[in-house]
Each structure stands twice: as C-alpha cells, then as structure tokens.
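Take a look at the structure below.
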Amino acid sequence: MRLTLKLYATLAEYLPAGARDNQIVLELPGNPSPHAVLDQFKVPHARAHLLLVNGNYVPPAERDAASLQEGDVLAAWPPVAGG
Amino acid sequence: MAWTRKILRVNLTAGTCTPEPLNMEWAALYLGQRGLATKYLAEEIDPKVDALSPGNKLIMATGPLTGTMASTGGRYSVITKSPLTGAIACSNSGGFIGNEMKMAGWDMIIFEGKSPKPVYLYLENEHAELCSAEHLWGKSVWETDHLLHNAHQDPQLRIACVGRSAEEGCLYAGVINDIHRAAGRSGVGTVMASKNLKAVAIRGTRGVGNVRDFKAFFKATQAAKAVLAGNPVTGEGLPKLGTQVLMNVINEVGAMPTRNMREVQFEGANRISAEAMLVPRESDGKPNLVTNAACFGCTIACGRISTIDPKHYTIANKPEYMGANGGLEYEAAWALGSDTGVDDLDALTYANFICNEDGFDPISFGATVAAAMELYEIGAITKETTGGIEMKFGSAEALTRSAELVAKGEGFGRELALGSKRLTEKYGHPDLSMTVKGQEFPAYDPRGIQGMGLTYATSNRGACHLRSYTVSSEILGVPVKTDPLTTDGKPELVKAFQDATAAVDSSGLCVFTTFAWTLEDIAPQVDAACEGGWSPEKMLEMGERIWNLERKFNMDAGLTAADDTLPKRLLKDAAKTGPAKGKVNELHKMLPHYYEIRGWTPEGVPTAETVSRLRL
C-alpha cells in the first residue's frame, strides 16, 4: 500500500536525504501501524508527540494498531506549541 | 510586595505629571497589569466615551512580577477603550519597556486628556517630563526610536511609540516597543496618537525590590524555570522553531483559515512555515531565520529575527530593510500569508517589517487585505477603487503595496486602515468581514476547532486567540487532549482558559509559559513576591473577576449578547476539506451553557449573585 509520511519540526532530521517539503511517499506491505512506520525511520516514539492520520489525532493507545490504509497521510511532530 | 505602589498620572491637556499611590485595595483584588488597569479604566472613564476623544484614557501597566527574576517577567500591557471595537482593549507586549518602567519605580502610567501639540514622555526614575515631539510627528517607529536614543545619548533608553499608521488614523495601530515588540491588537496605538502622544521613553536604574519573601521567591522562580527548561515545548520547540511551527500543524488538522476564511487548508502552508524559515536561500545561501530572541528575563526565547532575500523585489534599493529584524510569528504569517493566499515567505517578512516599522497589527491588516481581495474577486471593488492595485488572492505585490499604503495612510491604504468591518460595509458586503465585535480573527478556523468558536464569540476584546487558547487542549494536548470537532465540554474548557489567562496577564508573566506551567507553578511565585496569600484558587477567582469586569465594561459601553456571535460564513458554510469537512461551528450548542456556568442570565448579563460573589 502507498502512504505519505510527513515529519515536521525537529523530526525532519529523520527523513531520508532527498525528501522534499518534509514528506516522503512510501510503498509498504499490509496495513502497518503508525509506530511501525516511524520505526522504519528510527523516529523515537516518545518524540512523536503529536501524531495525525489524515489530520485526525491518533491517541497513544492506538498507535500500535495495524490501522493505516491505502492513501493515508501520517504526520508527526515533537511537542510543539505556538499562539 | 513587588509592587512599587506608585503610579504616574499624566494629564496631557494640562501638561502635568503627578505621582500618586497605587490603590492597594484594588491591587488585592486585581493584582496588576491587565486586571488592575482595567479596574482603573472602568472606574475613571464613561464606557460610552468616544475612544478617540480626550475623555478616553490610556494606561500602560506592569504586573508585580514585571522586572523581577521570574522567567518571562518583562511583560506590560496597554489598556484603553478600543476605537476598532468599541469594547475594552488590553494589549500585551514583551521586550524591555515593562521592566524598565518598573525599575524606574512605577507600576503604571495613566495618560488622560489630549496634548495640544505632539509630545513624548521622558521618564528617568522619578523624573517625569513631557517633551515636544513635533520633530517626531510623521516619523516611523524605527526613526523615532533612533532619534530619541540620539537625543538623550542613552543606548539603554527603552522606547514605546506609535508609527505613522496611528497618526493617520489606522484603527488597528499598535504601540511598538524596542523596535519590534508590539502591544499590537485593538488599536491601542490609535488611541495613543489621538492624544498627540508620540512616545514614552524610559530609563530606570533602581532595580525591583520589595519582594515579600526573597528566599521563597528565589526558590519558587528557580523551580519554575526548571519546569520551563525541562518541558519539550518551552525548552526546545519554541526556542528552535517559534510559534511558526504551528503553520503545518494547523493546516494538517484542517483549521487553517485560507483566502478570507473560505477554505480551511492552504496549499502553500509549508512554504511559509517555521520549517521554510530554516531552508537556505539560493541567492546568498542563508536561511530567513537568523536567530531566536528573548524578551527581558525570558528563558524560552521564542522571538524570531529574520532577513529578507537580498534579491527579493520588495527590498531592491531599500537598504533599511536589508538587515535583520523582527521576523514572522505564526499569527502574522497566517494573516499575511494563508488568509491572502500569498505563499512568498520574503513578501510576508517584508510586510511584517512594515507592520513593525509603522506600528500596525498584522492580523487585522492581513485579514482586511483578504476581505479586500474577496471584494475585488466578486467585483465589488475594482482597480479604480484600489488606485491601480490588482487585489487578487495570492498576489504578493498587492499585499506588500497595501502594507506600504497603510503604513503612511495613503491612497487605498486609508480604507484598509479602517479594518474589514468598515471596508466590507462600505462596499455592500458586510458578511465578508471575518470579525467578532469588529476585530479580525486570528489563525484558527473554528469549524475545525470548535472551542475556538466560543472563544472568539465571547472574547471581551473581539476575536482573539489569547483570551482562551483552547488550541492547546484541542490540538496540542496541553494540559489534556480534547476532540477539536465536538462541542462537548467546550464551555467549561473556554471558561477555564479565559479565567486562568486573565490571571497570568495580570502578573507580569508571559502566557506562553502556560504550555509548561499551570497556576500551581505561577501562584507560588506571585505569593512569594506579594502580600495577600496568592493560591492557585485565588488566582483563578481573580481571573474570573477580571473577566466579568471586562464584560461589565463592554455592556456599559453598549455591547450585548448579540455581539457574542461569529460571521455567517463560519456558522453556515461547511468546511470543504480536512477532518472538519462538512462541519460548521456549532456555537449555538455552546453559548447558552457557557452563560450558565459563567453565572450570567440567558441574555449574557452577570447576575446579581455573580456580581456579589466576585466583589465587583
């Protein structure tokens, strides 16, 4: 299946060289969990504080569930805030 | 006691500067800064007064922790009646002017009347003097700052002043201090200029003493600083990326107001984001962001210092804009960018420089340009109206030219300077003004963040995110995560944020500390500094008292529950994309319960029991 991974702020350093606009398109087998995708890029789970799938928040308890679907956009941030 | 217990009353009509004791009975109920100055204003002016008449007053106020060793203890506020909204205005700024006022020995300065000629206040410890500012009138903030430093031959002089936009009647002009920090919202600078008061220049050398229990204060402030340093948001996220880190977050969750709030996601968001500010440019190999910056005593340092691409069209043959200056923060970047459809980072940075240089609010300015762009698109205004500007969504040239015109009060800029409410009314489409109580929205679409709809609708100073930043909870999970798409529990959440924020805004501390601190961290610092037994519960009750006092001021000024609403677009037109697709803001589900838990009647009026309980 195909999905887009977006890593922002200080998580951008985990993207492979050549990634543009903080994102990369991936081809993955099955329906991986958000954490499984992050593991491929060695993103520490604790640093991926805010985790969204298609803009919807994924609670920590659901991040190991094999839930991702074809075309999903997985986006992650470390703890951030603004105003 | 941390308070100096002294205020300076400046009668601009008579040209007098008179010290008087701080009303400590009021200080016990309202602490300082926002709360205490609002009490003074409410007691001293008729809320129905014309905001730009001599009958209005303007108060510059510090909090008891301003100028102390508490982290972020450099804040001050400007309190007056707003010419933009007709409601209470309280605009908060950092930088170094607040601590300087306190170190000169003053808790607040009350300006009343109107000077017959332009003046500035020179304040050096106890010496207060009104000096001619006729040579400064017509000068920008940057020129004024430079001329005053030269005139007094004191590089450590701290200056707050208005720019040309305020002099020319821009209704959302701010008071700028330290070149690029701003009491930016609600037109407080317009009121200052209406009094022929160009600047306040302060030098204080006395330090801030009289802390109630110094050992306890040292312990409380050190413990609180450790909390800020250890928190990933205040210790790492804000220093490195600033508030601009929210650009991609808010866009992803589908709450990014775009093209005058017609859409909720902006395709150019990443190009104007914090991440983009770190990317080296082709022209000189340098990124937009030069460094971060801190206000007085701040251990977070979220400020941005930026440069514009030397090859960019905006600064060709303009050396004054080629150096480093105050860079984009999220609210400015959104209003100047996403809301106008402009994704040119350097154009936004230039427009932001102009806002600082001539002292006007980039939120209201950007949102008004966005409204003008929609008017242009539907043919309600033309190039004839705009003086030749093609006011198209996405046009960087239209944005930057508009900024230049508003700065100097020229051409179509004179109409943009009155805000989107007056502009859209004039051209027959008032529904295109994205405002509450006449003030433009900040950067969160309330269709995608339901609590922010209630926040905006009930904000005492018109649409504002800093009165109740439920984004913290609804999006960022601070202190607990709530669902941004439901209205459940939002009245309670909004009330809690409103009351706590009013308390923080009255202390001298920065509200950004609350990404790490709660009142459990703040109250011990206030209590160690001030008499009065300041527990978290007492701070929260004081916040509620301030909120109700502001509400009462507004009602006495003529506002009603009918003003607690949102533009039709947000209540009727569903979001087209993102998680909120198909949703409008469901204000009607939240507002009645909000009134109830506030202790207000169904008409939004504080009941006699509430007034009594809060000792209003």
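Residue numbering restarts at 1 in every chain; chains get A, B, ... in the order shown in the structure tokens, and ligands count up from 1 in that same order.
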
Counting only C-alpha atoms, which residues from chain A have an atom at most 12 Å from any atom of chain B, and could you show them as a PyMOL selection string? chain A and resi 6-13+20-23+46-60+73-83

Put those residues in a file: C-alpha atoms, as a short mmCIF file (atom, residue, chain, number, x, y, z; two decimals), in the first residue's frame.
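Saved to result_5.cif:
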```cif
data_model
loop_
_atom_site.label_atom_id
_atom_site.label_comp_id
_atom_site.auth_asym_id
_atom_site.auth_seq_id
_atom_site.Cartn_x
_atom_site.Cartn_y
_atom_site.Cartn_z
CA LYS A 6 5.31 13.81 6.96
CA LEU A 7 7.83 14.62 9.67
CA TYR A 8 7.92 18.21 10.89
CA ALA A 9 9.95 20.45 13.16
CA THR A 10 12.88 18.63 14.74
CA LEU A 11 11.61 15.27 13.47
CA ALA A 12 12.52 16.35 9.94
CA GLU A 13 16.06 15.11 10.59
CA ARG A 20 11.25 17.50 -0.02
CA ASP A 21 8.66 19.59 1.79
CA ASN A 22 9.04 17.48 4.94
CA GLN A 23 7.46 14.43 3.34
CA ALA A 46 8.41 9.43 22.63
CA ARG A 47 9.47 12.23 20.29
CA ALA A 48 6.47 11.75 18.01
CA HIS A 49 4.24 13.51 20.47
CA LEU A 50 1.57 14.76 18.09
CA LEU A 51 0.57 12.13 15.57
CA LEU A 52 -2.12 12.63 12.95
CA VAL A 53 -3.58 10.37 10.29
CA ASN A 54 -5.33 12.39 7.60
CA GLY A 55 -5.37 15.26 10.07
CA ASN A 56 -7.08 13.26 12.80
CA TYR A 57 -5.33 12.79 16.13
CA VAL A 58 -4.19 9.27 16.98
CA PRO A 59 -4.20 8.67 20.76
CA PRO A 60 -1.07 6.96 22.14
CA VAL A 73 -1.19 10.67 5.30
CA LEU A 74 0.71 10.09 8.53
CA ALA A 75 2.14 13.27 10.08
CA ALA A 76 4.17 13.63 13.27
CA TRP A 77 5.61 16.41 15.43
CA PRO A 78 7.62 16.57 18.62
CA PRO A 79 5.94 18.55 21.42
CA VAL A 80 5.21 21.95 19.88
CA ALA A 81 3.06 24.95 20.62
CA GLY A 82 2.50 28.46 19.45
CA GLY A 83 0.00 31.22 19.61
#
```

Please provide as a PDB file with all heavy atoms, in the first residue's frame all residues within 6 Å of stretch 104-109 of chain B, with the sequence filter that same-chain residues fewer than 2 positions apart are discarded (counting only C-alpha atoms).
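Writing the result to around-v5.pdb gives the following:
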```
ATOM      1  N   THR B   4       5.561  48.613  43.166  1.00  0.00           N
ATOM      2  CA  THR B   4       6.266  49.806  43.643  1.00  0.00           C
ATOM      3  C   THR B   4       5.314  50.672  44.463  1.00  0.00           C
ATOM      4  O   THR B   4       5.739  51.596  45.144  1.00  0.00           O
ATOM      5  CB  THR B   4       6.788  50.651  42.467  1.00  0.00           C
ATOM      6  OG1 THR B   4       5.678  51.211  41.767  1.00  0.00           O
ATOM      7  CG2 THR B   4       7.620  49.806  41.515  1.00  0.00           C
ATOM      8  N   LYS B   6       3.316  52.787  43.304  1.00  0.00           N
ATOM      9  CA  LYS B   6       3.299  54.154  42.785  1.00  0.00           C
ATOM     10  C   LYS B   6       2.834  54.148  41.333  1.00  0.00           C
ATOM     11  O   LYS B   6       3.284  53.314  40.543  1.00  0.00           O
ATOM     12  CB  LYS B   6       4.717  54.734  42.839  1.00  0.00           C
ATOM     13  CG  LYS B   6       4.848  55.967  43.722  1.00  0.00           C
ATOM     14  CD  LYS B   6       6.296  56.415  43.840  1.00  0.00           C
ATOM     15  CE  LYS B   6       7.074  56.440  42.547  1.00  0.00           C
ATOM     16  NZ  LYS B   6       8.437  56.955  42.683  1.00  0.00           N
ATOM     17  N   ILE B   7       1.955  55.058  41.007  1.00  0.00           N
ATOM     18  CA  ILE B   7       1.585  55.231  39.613  1.00  0.00           C
ATOM     19  C   ILE B   7       1.849  56.678  39.204  1.00  0.00           C
ATOM     20  O   ILE B   7       1.888  57.576  40.056  1.00  0.00           O
ATOM     21  CB  ILE B   7       0.116  54.847  39.335  1.00  0.00           C
ATOM     22  CG1 ILE B   7      -0.868  55.810  40.003  1.00  0.00           C
ATOM     23  CG2 ILE B   7      -0.160  53.432  39.789  1.00  0.00           C
ATOM     24  CD1 ILE B   7      -2.314  55.487  39.656  1.00  0.00           C
ATOM     25  N   LEU B   8       2.035  56.866  37.911  1.00  0.00           N
ATOM     26  CA  LEU B   8       2.240  58.212  37.388  1.00  0.00           C
ATOM     27  C   LEU B   8       1.009  58.603  36.576  1.00  0.00           C
ATOM     28  O   LEU B   8       0.617  57.878  35.654  1.00  0.00           O
ATOM     29  CB  LEU B   8       3.481  58.247  36.491  1.00  0.00           C
ATOM     30  CG  LEU B   8       3.823  59.618  35.904  1.00  0.00           C
ATOM     31  CD1 LEU B   8       4.269  60.583  37.009  1.00  0.00           C
ATOM     32  CD2 LEU B   8       4.929  59.492  34.852  1.00  0.00           C
ATOM     33  N   ARG B   9       0.417  59.725  36.931  1.00  0.00           N
ATOM     34  CA  ARG B   9      -0.744  60.213  36.181  1.00  0.00           C
ATOM     35  C   ARG B   9      -0.284  61.379  35.313  1.00  0.00           C
ATOM     36  O   ARG B   9       0.230  62.383  35.814  1.00  0.00           O
ATOM     37  CB  ARG B   9      -1.856  60.659  37.144  1.00  0.00           C
ATOM     38  CG  ARG B   9      -3.157  61.013  36.435  1.00  0.00           C
ATOM     39  CD  ARG B   9      -4.253  61.309  37.448  1.00  0.00           C
ATOM     40  NE  ARG B   9      -4.637  60.142  38.231  1.00  0.00           N
ATOM     41  CZ  ARG B   9      -5.514  59.216  37.827  1.00  0.00           C
ATOM     42  NH1 ARG B   9      -6.111  59.330  36.656  1.00  0.00           N
ATOM     43  NH2 ARG B   9      -5.803  58.181  38.602  1.00  0.00           N
ATOM     44  N   ILE B  59      -3.734  53.433  29.581  1.00  0.00           N
ATOM     45  CA  ILE B  59      -2.926  53.023  30.733  1.00  0.00           C
ATOM     46  C   ILE B  59      -1.851  52.038  30.288  1.00  0.00           C
ATOM     47  O   ILE B  59      -2.144  51.061  29.599  1.00  0.00           O
ATOM     48  CB  ILE B  59      -3.810  52.369  31.817  1.00  0.00           C
ATOM     49  CG1 ILE B  59      -4.935  53.322  32.236  1.00  0.00           C
ATOM     50  CG2 ILE B  59      -2.964  51.969  33.025  1.00  0.00           C
ATOM     51  CD1 ILE B  59      -5.917  52.719  33.230  1.00  0.00           C
ATOM     52  N   MET B  60      -0.627  52.321  30.665  1.00  0.00           N
ATOM     53  CA  MET B  60       0.466  51.362  30.479  1.00  0.00           C
ATOM     54  C   MET B  60       0.751  50.748  31.841  1.00  0.00           C
ATOM     55  O   MET B  60       1.075  51.487  32.785  1.00  0.00           O
ATOM     56  CB  MET B  60       1.708  52.060  29.939  1.00  0.00           C
ATOM     57  CG  MET B  60       1.529  52.587  28.526  1.00  0.00           C
ATOM     58  SD  MET B  60       3.065  53.339  27.901  1.00  0.00           S
ATOM     59  CE  MET B  60       2.595  53.608  26.184  1.00  0.00           C
ATOM     60  N   ALA B  61       0.609  49.443  31.928  1.00  0.00           N
ATOM     61  CA  ALA B  61       0.638  48.817  33.256  1.00  0.00           C
ATOM     62  C   ALA B  61       1.555  47.605  33.313  1.00  0.00           C
ATOM     63  O   ALA B  61       1.554  46.769  32.403  1.00  0.00           O
ATOM     64  CB  ALA B  61      -0.777  48.410  33.656  1.00  0.00           C
ATOM     65  N   THR B  62       2.303  47.507  34.380  1.00  0.00           N
ATOM     66  CA  THR B  62       3.113  46.313  34.637  1.00  0.00           C
ATOM     67  C   THR B  62       2.398  45.425  35.646  1.00  0.00           C
ATOM     68  O   THR B  62       1.422  45.834  36.267  1.00  0.00           O
ATOM     69  CB  THR B  62       4.482  46.694  35.241  1.00  0.00           C
ATOM     70  OG1 THR B  62       4.255  47.274  36.541  1.00  0.00           O
ATOM     71  CG2 THR B  62       5.220  47.682  34.368  1.00  0.00           C
ATOM     72  N   MET B 101      10.074  50.372  33.054  1.00  0.00           N
ATOM     73  CA  MET B 101       9.104  51.187  33.793  1.00  0.00           C
ATOM     74  C   MET B 101       9.125  50.818  35.281  1.00  0.00           C
ATOM     75  O   MET B 101       9.119  51.683  36.155  1.00  0.00           O
ATOM     76  CB  MET B 101       7.690  50.945  33.229  1.00  0.00           C
ATOM     77  CG  MET B 101       6.617  51.851  33.829  1.00  0.00           C
ATOM     78  SD  MET B 101       4.916  51.340  33.453  1.00  0.00           S
ATOM     79  CE  MET B 101       4.929  51.218  31.691  1.00  0.00           C
ATOM     80  N   LYS B 102       9.163  49.523  35.515  1.00  0.00           N
ATOM     81  CA  LYS B 102       9.177  49.053  36.902  1.00  0.00           C
ATOM     82  C   LYS B 102      10.473  49.477  37.587  1.00  0.00           C
ATOM     83  O   LYS B 102      10.455  49.922  38.752  1.00  0.00           O
ATOM     84  CB  LYS B 102       9.050  47.532  36.881  1.00  0.00           C
ATOM     85  CG  LYS B 102       8.675  46.888  38.188  1.00  0.00           C
ATOM     86  CD  LYS B 102       7.229  47.159  38.532  1.00  0.00           C
ATOM     87  CE  LYS B 102       6.822  46.348  39.736  1.00  0.00           C
ATOM     88  NZ  LYS B 102       6.830  44.891  39.450  1.00  0.00           N
ATOM     89  N   ASN B 125      13.679  57.388  36.225  1.00  0.00           N
ATOM     90  CA  ASN B 125      13.371  57.161  37.637  1.00  0.00           C
ATOM     91  C   ASN B 125      12.234  58.097  38.066  1.00  0.00           C
ATOM     92  O   ASN B 125      11.162  58.020  37.490  1.00  0.00           O
ATOM     93  CB  ASN B 125      14.630  57.306  38.490  1.00  0.00           C
ATOM     94  CG  ASN B 125      15.662  56.233  38.126  1.00  0.00           C
ATOM     95  OD1 ASN B 125      15.300  55.142  37.707  1.00  0.00           O
ATOM     96  ND2 ASN B 125      16.929  56.539  38.273  1.00  0.00           N
ATOM     97  N   GLY B 204      15.229  53.320  33.796  1.00  0.00           N
ATOM     98  CA  GLY B 204      15.077  53.004  35.215  1.00  0.00           C
ATOM     99  C   GLY B 204      16.319  52.331  35.747  1.00  0.00           C
ATOM    100  O   GLY B 204      16.812  51.371  35.153  1.00  0.00           O
ATOM    101  N   ARG B 206      16.713  51.716  39.276  1.00  0.00           N
ATOM    102  CA  ARG B 206      16.529  51.394  40.694  1.00  0.00           C
ATOM    103  C   ARG B 206      16.403  49.901  40.976  1.00  0.00           C
ATOM    104  O   ARG B 206      16.408  49.493  42.123  1.00  0.00           O
ATOM    105  CB  ARG B 206      15.281  52.094  41.223  1.00  0.00           C
ATOM    106  CG  ARG B 206      15.376  53.604  41.162  1.00  0.00           C
ATOM    107  CD  ARG B 206      14.231  54.255  41.907  1.00  0.00           C
ATOM    108  NE  ARG B 206      14.290  55.702  41.825  1.00  0.00           N
ATOM    109  CZ  ARG B 206      15.161  56.468  42.473  1.00  0.00           C
ATOM    110  NH1 ARG B 206      16.075  55.900  43.248  1.00  0.00           N
ATOM    111  NH2 ARG B 206      15.160  57.768  42.342  1.00  0.00           N
TER     112      ARG B 206
END
```

- Task: Please run DSSP on the backbone and report, as an MDAnalysis selection string, all residues within stretch 2-56 of chain A that come out as alpha helix (DSSP H).
- Result: chainID A and resid 34:40

Could you save the residues just selected, with N, CA, C and O atoms, as a PDB file, in the first residue's frame?
```pdb
ATOM      1  N   PRO A  34       0.966   3.109  12.881  1.00  0.00           N
ATOM      2  CA  PRO A  34       1.777   4.340  12.828  1.00  0.00           C
ATOM      3  C   PRO A  34       3.158   4.152  13.424  1.00  0.00           C
ATOM      4  O   PRO A  34       4.150   4.610  12.861  1.00  0.00           O
ATOM      5  N   HIS A  35       3.235   3.448  14.529  1.00  0.00           N
ATOM      6  CA  HIS A  35       4.543   3.236  15.142  1.00  0.00           C
ATOM      7  C   HIS A  35       5.463   2.406  14.255  1.00  0.00           C
ATOM      8  O   HIS A  35       6.677   2.636  14.189  1.00  0.00           O
ATOM      9  N   ALA A  36       4.904   1.451  13.561  1.00  0.00           N
ATOM     10  CA  ALA A  36       5.729   0.623  12.675  1.00  0.00           C
ATOM     11  C   ALA A  36       6.342   1.469  11.561  1.00  0.00           C
ATOM     12  O   ALA A  36       7.489   1.262  11.161  1.00  0.00           O
ATOM     13  N   VAL A  37       5.577   2.419  11.054  1.00  0.00           N
ATOM     14  CA  VAL A  37       6.112   3.304  10.011  1.00  0.00           C
ATOM     15  C   VAL A  37       7.226   4.177  10.591  1.00  0.00           C
ATOM     16  O   VAL A  37       8.294   4.339   9.989  1.00  0.00           O
ATOM     17  N   LEU A  38       6.991   4.719  11.777  1.00  0.00           N
ATOM     18  CA  LEU A  38       8.021   5.556  12.407  1.00  0.00           C
ATOM     19  C   LEU A  38       9.286   4.741  12.679  1.00  0.00           C
ATOM     20  O   LEU A  38      10.406   5.260  12.539  1.00  0.00           O
ATOM     21  N   ASP A  39       9.098   3.476  13.038  1.00  0.00           N
ATOM     22  CA  ASP A  39      10.265   2.626  13.326  1.00  0.00           C
ATOM     23  C   ASP A  39      11.174   2.493  12.106  1.00  0.00           C
ATOM     24  O   ASP A  39      12.399   2.385  12.234  1.00  0.00           O
ATOM     25  N   GLN A  40      10.591   2.481  10.931  1.00  0.00           N
ATOM     26  CA  GLN A  40      11.407   2.342   9.715  1.00  0.00           C
ATOM     27  C   GLN A  40      12.397   3.490   9.573  1.00  0.00           C
ATOM     28  O   GLN A  40      13.419   3.361   8.902  1.00  0.00           O
TER      29      GLN A  40
END
```

Near-B:Pro524 list (9 Å; only C-alpha atoms; drop same-chain fewer than 2 positions) as a CSV table (one decimal) with N, CA, C and O atoms, in the first residue's frame:
```csv
chain,number,residue,atom,x,y,z
B,216,ALA,N,11.9,32.6,49.5
B,216,ALA,CA,10.8,31.8,48.9
B,216,ALA,C,10.7,32.2,47.4
B,216,ALA,O,10.4,31.3,46.6
B,217,PHE,N,10.9,33.5,47.1
B,217,PHE,CA,10.8,33.9,45.7
B,217,PHE,C,11.9,33.3,44.9
B,217,PHE,O,11.6,32.8,43.8
B,220,ALA,N,11.0,29.6,44.4
B,220,ALA,CA,9.8,29.4,43.5
B,220,ALA,C,10.2,29.7,42.1
B,220,ALA,O,9.8,29.0,41.1
B,221,THR,N,10.9,30.8,41.8
B,221,THR,CA,11.3,31.2,40.5
B,221,THR,C,12.3,30.2,39.9
B,221,THR,O,12.2,29.8,38.7
B,519,LEU,N,-1.3,27.2,37.0
B,519,LEU,CA,-1.3,28.1,38.2
B,519,LEU,C,-0.6,27.6,39.4
B,519,LEU,O,-0.2,28.3,40.3
B,520,GLU,N,-0.4,26.3,39.4
B,520,GLU,CA,0.3,25.7,40.5
B,520,GLU,C,1.8,26.1,40.5
B,520,GLU,O,2.5,26.1,41.5
B,521,ASP,N,2.3,26.4,39.3
B,521,ASP,CA,3.7,26.9,39.2
B,521,ASP,C,3.7,28.4,39.4
B,521,ASP,O,4.7,29.0,39.8
B,522,ILE,N,2.7,29.1,38.9
B,522,ILE,CA,2.7,30.6,38.9
B,522,ILE,C,2.3,31.2,40.3
B,522,ILE,O,3.0,32.1,40.8
B,526,VAL,N,4.0,34.4,42.6
B,526,VAL,CA,3.3,35.6,42.9
B,526,VAL,C,3.2,35.7,44.5
B,526,VAL,O,3.4,36.8,45.0
B,527,ASP,N,2.9,34.6,45.1
B,527,ASP,CA,2.7,34.7,46.6
B,527,ASP,C,4.0,35.0,47.3
B,527,ASP,O,4.0,35.7,48.3
B,528,ALA,N,5.1,34.5,46.8
B,528,ALA,CA,6.4,34.9,47.4
B,528,ALA,C,6.7,36.4,47.2
B,528,ALA,O,7.4,37.0,48.0
B,529,ALA,N,6.2,36.9,46.1
B,529,ALA,CA,6.5,38.3,45.8
B,529,ALA,C,5.6,39.3,46.5
B,529,ALA,O,6.0,40.4,46.8
B,534,TRP,N,-1.6,34.4,47.8
B,534,TRP,CA,-2.0,34.1,46.4
B,534,TRP,C,-1.9,32.6,46.1
B,534,TRP,O,-0.9,32.1,45.6
B,535,SER,N,-3.0,31.9,46.3
B,535,SER,CA,-3.0,30.5,46.0
B,535,SER,C,-3.5,30.3,44.5
B,535,SER,O,-4.0,31.3,44.0
B,536,PRO,N,-3.4,29.1,44.0
B,536,PRO,CA,-3.9,28.9,42.6
B,536,PRO,C,-5.4,29.2,42.5
B,536,PRO,O,-5.9,29.8,41.6
```

Leaving out A:Ala65 and any residue of its chain fewer than 3 positions from it, which residues lie within 9 Å of it when counting only C-alpha atoms, given as a PyMOL selection string?
-> chain A and resi 32-35+61-62+68

Students should find that atom CA of B:Pro446 and atom CA of B:Arg569 are spaced 10.7 Å

A straight line from atom CA of B:Phe441 to atom CA of B:Cys464 spans 6.3 Å

Practice prompt. Would you list the contacts of B:Ala347 as a list in words, taking every protein, DNA or RNA residue within 9 Å and counting only C-alpha atoms, but skipping same-chain residues closer than 6 positions in sequence?
Written response: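 Skipping anything fewer than 6 positions along the chain leaves Ile308, His312, Tyr313, Thr314, Leu336, Gly337, Ala396, Glu397, Leu399 and Thr400 of chain B.
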
Now that the selection is made, can you save its residues with N, CA, C and O atoms as a short mmCIF file (atom, residue, chain, number, x, y, z; two decimals), in the first residue's frame?
```
data_model
loop_
_atom_site.label_atom_id
_atom_site.label_comp_id
_atom_site.auth_asym_id
_atom_site.auth_seq_id
_atom_site.Cartn_x
_atom_site.Cartn_y
_atom_site.Cartn_z
N ILE B 308 15.43 39.32 4.82
CA ILE B 308 14.74 39.10 3.55
C ILE B 308 15.80 38.74 2.50
O ILE B 308 16.93 39.25 2.53
N HIS B 312 15.16 39.82 -3.37
CA HIS B 312 13.70 39.91 -3.46
C HIS B 312 13.26 41.29 -3.93
O HIS B 312 13.87 42.30 -3.55
N TYR B 313 12.18 41.33 -4.70
CA TYR B 313 11.74 42.60 -5.30
C TYR B 313 11.40 43.65 -4.25
O TYR B 313 11.52 44.85 -4.50
N THR B 314 10.97 43.22 -3.08
CA THR B 314 10.49 44.18 -2.08
C THR B 314 11.59 45.09 -1.56
O THR B 314 11.31 46.20 -1.09
N LEU B 336 -0.94 37.37 6.92
CA LEU B 336 -0.33 37.94 5.73
C LEU B 336 -0.23 36.91 4.61
O LEU B 336 -0.17 37.27 3.43
N GLY B 337 -0.22 35.63 4.99
CA GLY B 337 0.00 34.57 4.01
C GLY B 337 -1.23 33.78 3.63
O GLY B 337 -1.90 34.08 2.63
N ALA B 396 1.44 38.67 -4.10
CA ALA B 396 2.40 39.23 -3.14
C ALA B 396 2.53 40.73 -3.33
O ALA B 396 2.66 41.49 -2.37
N GLU B 397 2.47 41.16 -4.60
CA GLU B 397 2.60 42.60 -4.88
C GLU B 397 1.44 43.38 -4.25
O GLU B 397 1.64 44.47 -3.71
N LEU B 399 -0.26 42.54 -1.62
CA LEU B 399 -0.07 42.54 -0.17
C LEU B 399 0.97 43.57 0.25
O LEU B 399 0.73 44.38 1.16
N THR B 400 2.13 43.54 -0.38
CA THR B 400 3.22 44.42 0.08
C THR B 400 2.91 45.89 -0.24
O THR B 400 3.24 46.77 0.54
#
```

(message) What parts of chain A does DSSP call strand (DSSP E or B)? I'd like the answer as an MDAnalysis selection string.
(response) chainID A and resid 2:7 20 23:27 50:53 56:57 73:77

Take the residues from that selection and put them in a file with C-alpha atoms, as a PDB file, in the first residue's frame.
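Written output follows (selection.pdb):
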```pdb
ATOM      1  CA  ARG A   2       1.008   3.594  -0.602  1.00  0.00           C
ATOM      2  CA  LEU A   3       1.074   6.273   2.086  1.00  0.00           C
ATOM      3  CA  THR A   4       2.639   9.638   2.732  1.00  0.00           C
ATOM      4  CA  LEU A   5       4.799  10.231   5.794  1.00  0.00           C
ATOM      5  CA  LYS A   6       5.308  13.806   6.961  1.00  0.00           C
ATOM      6  CA  LEU A   7       7.833  14.623   9.669  1.00  0.00           C
ATOM      7  CA  ARG A  20      11.252  17.497  -0.016  1.00  0.00           C
ATOM      8  CA  GLN A  23       7.458  14.429   3.336  1.00  0.00           C
ATOM      9  CA  ILE A  24       8.100  11.157   1.591  1.00  0.00           C
ATOM     10  CA  VAL A  25       5.796   8.745  -0.238  1.00  0.00           C
ATOM     11  CA  LEU A  26       6.168   5.124   0.848  1.00  0.00           C
ATOM     12  CA  GLU A  27       5.168   1.737  -0.543  1.00  0.00           C
ATOM     13  CA  LEU A  50       1.567  14.757  18.092  1.00  0.00           C
ATOM     14  CA  LEU A  51       0.574  12.127  15.574  1.00  0.00           C
ATOM     15  CA  LEU A  52      -2.122  12.629  12.952  1.00  0.00           C
ATOM     16  CA  VAL A  53      -3.576  10.368  10.288  1.00  0.00           C
ATOM     17  CA  ASN A  56      -7.078  13.260  12.802  1.00  0.00           C
ATOM     18  CA  TYR A  57      -5.331  12.794  16.129  1.00  0.00           C
ATOM     19  CA  VAL A  73      -1.192  10.668   5.302  1.00  0.00           C
ATOM     20  CA  LEU A  74       0.713  10.090   8.529  1.00  0.00           C
ATOM     21  CA  ALA A  75       2.141  13.274  10.082  1.00  0.00           C
ATOM     22  CA  ALA A  76       4.167  13.635  13.273  1.00  0.00           C
ATOM     23  CA  TRP A  77       5.610  16.411  15.427  1.00  0.00           C
TER      24      TRP A  77
END
```

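Among the candidates B:Ala166, B:Leu29, B:Ile179, B:Ala37, the one nearest to B:Phe96 when counting only C-alpha atoms is B:Ile179.
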
Determine, counting only C-alpha atoms, which protein, DNA and RNA residues have an atom within 12 Å of an atom of B:Ala500; residues of the same chain fewer than 4 positions away are not included. Present the result as a PyMOL selection string.
chain B and resi 35+466-470+493-496+504-507+511+514+517-520+522-523+536-547
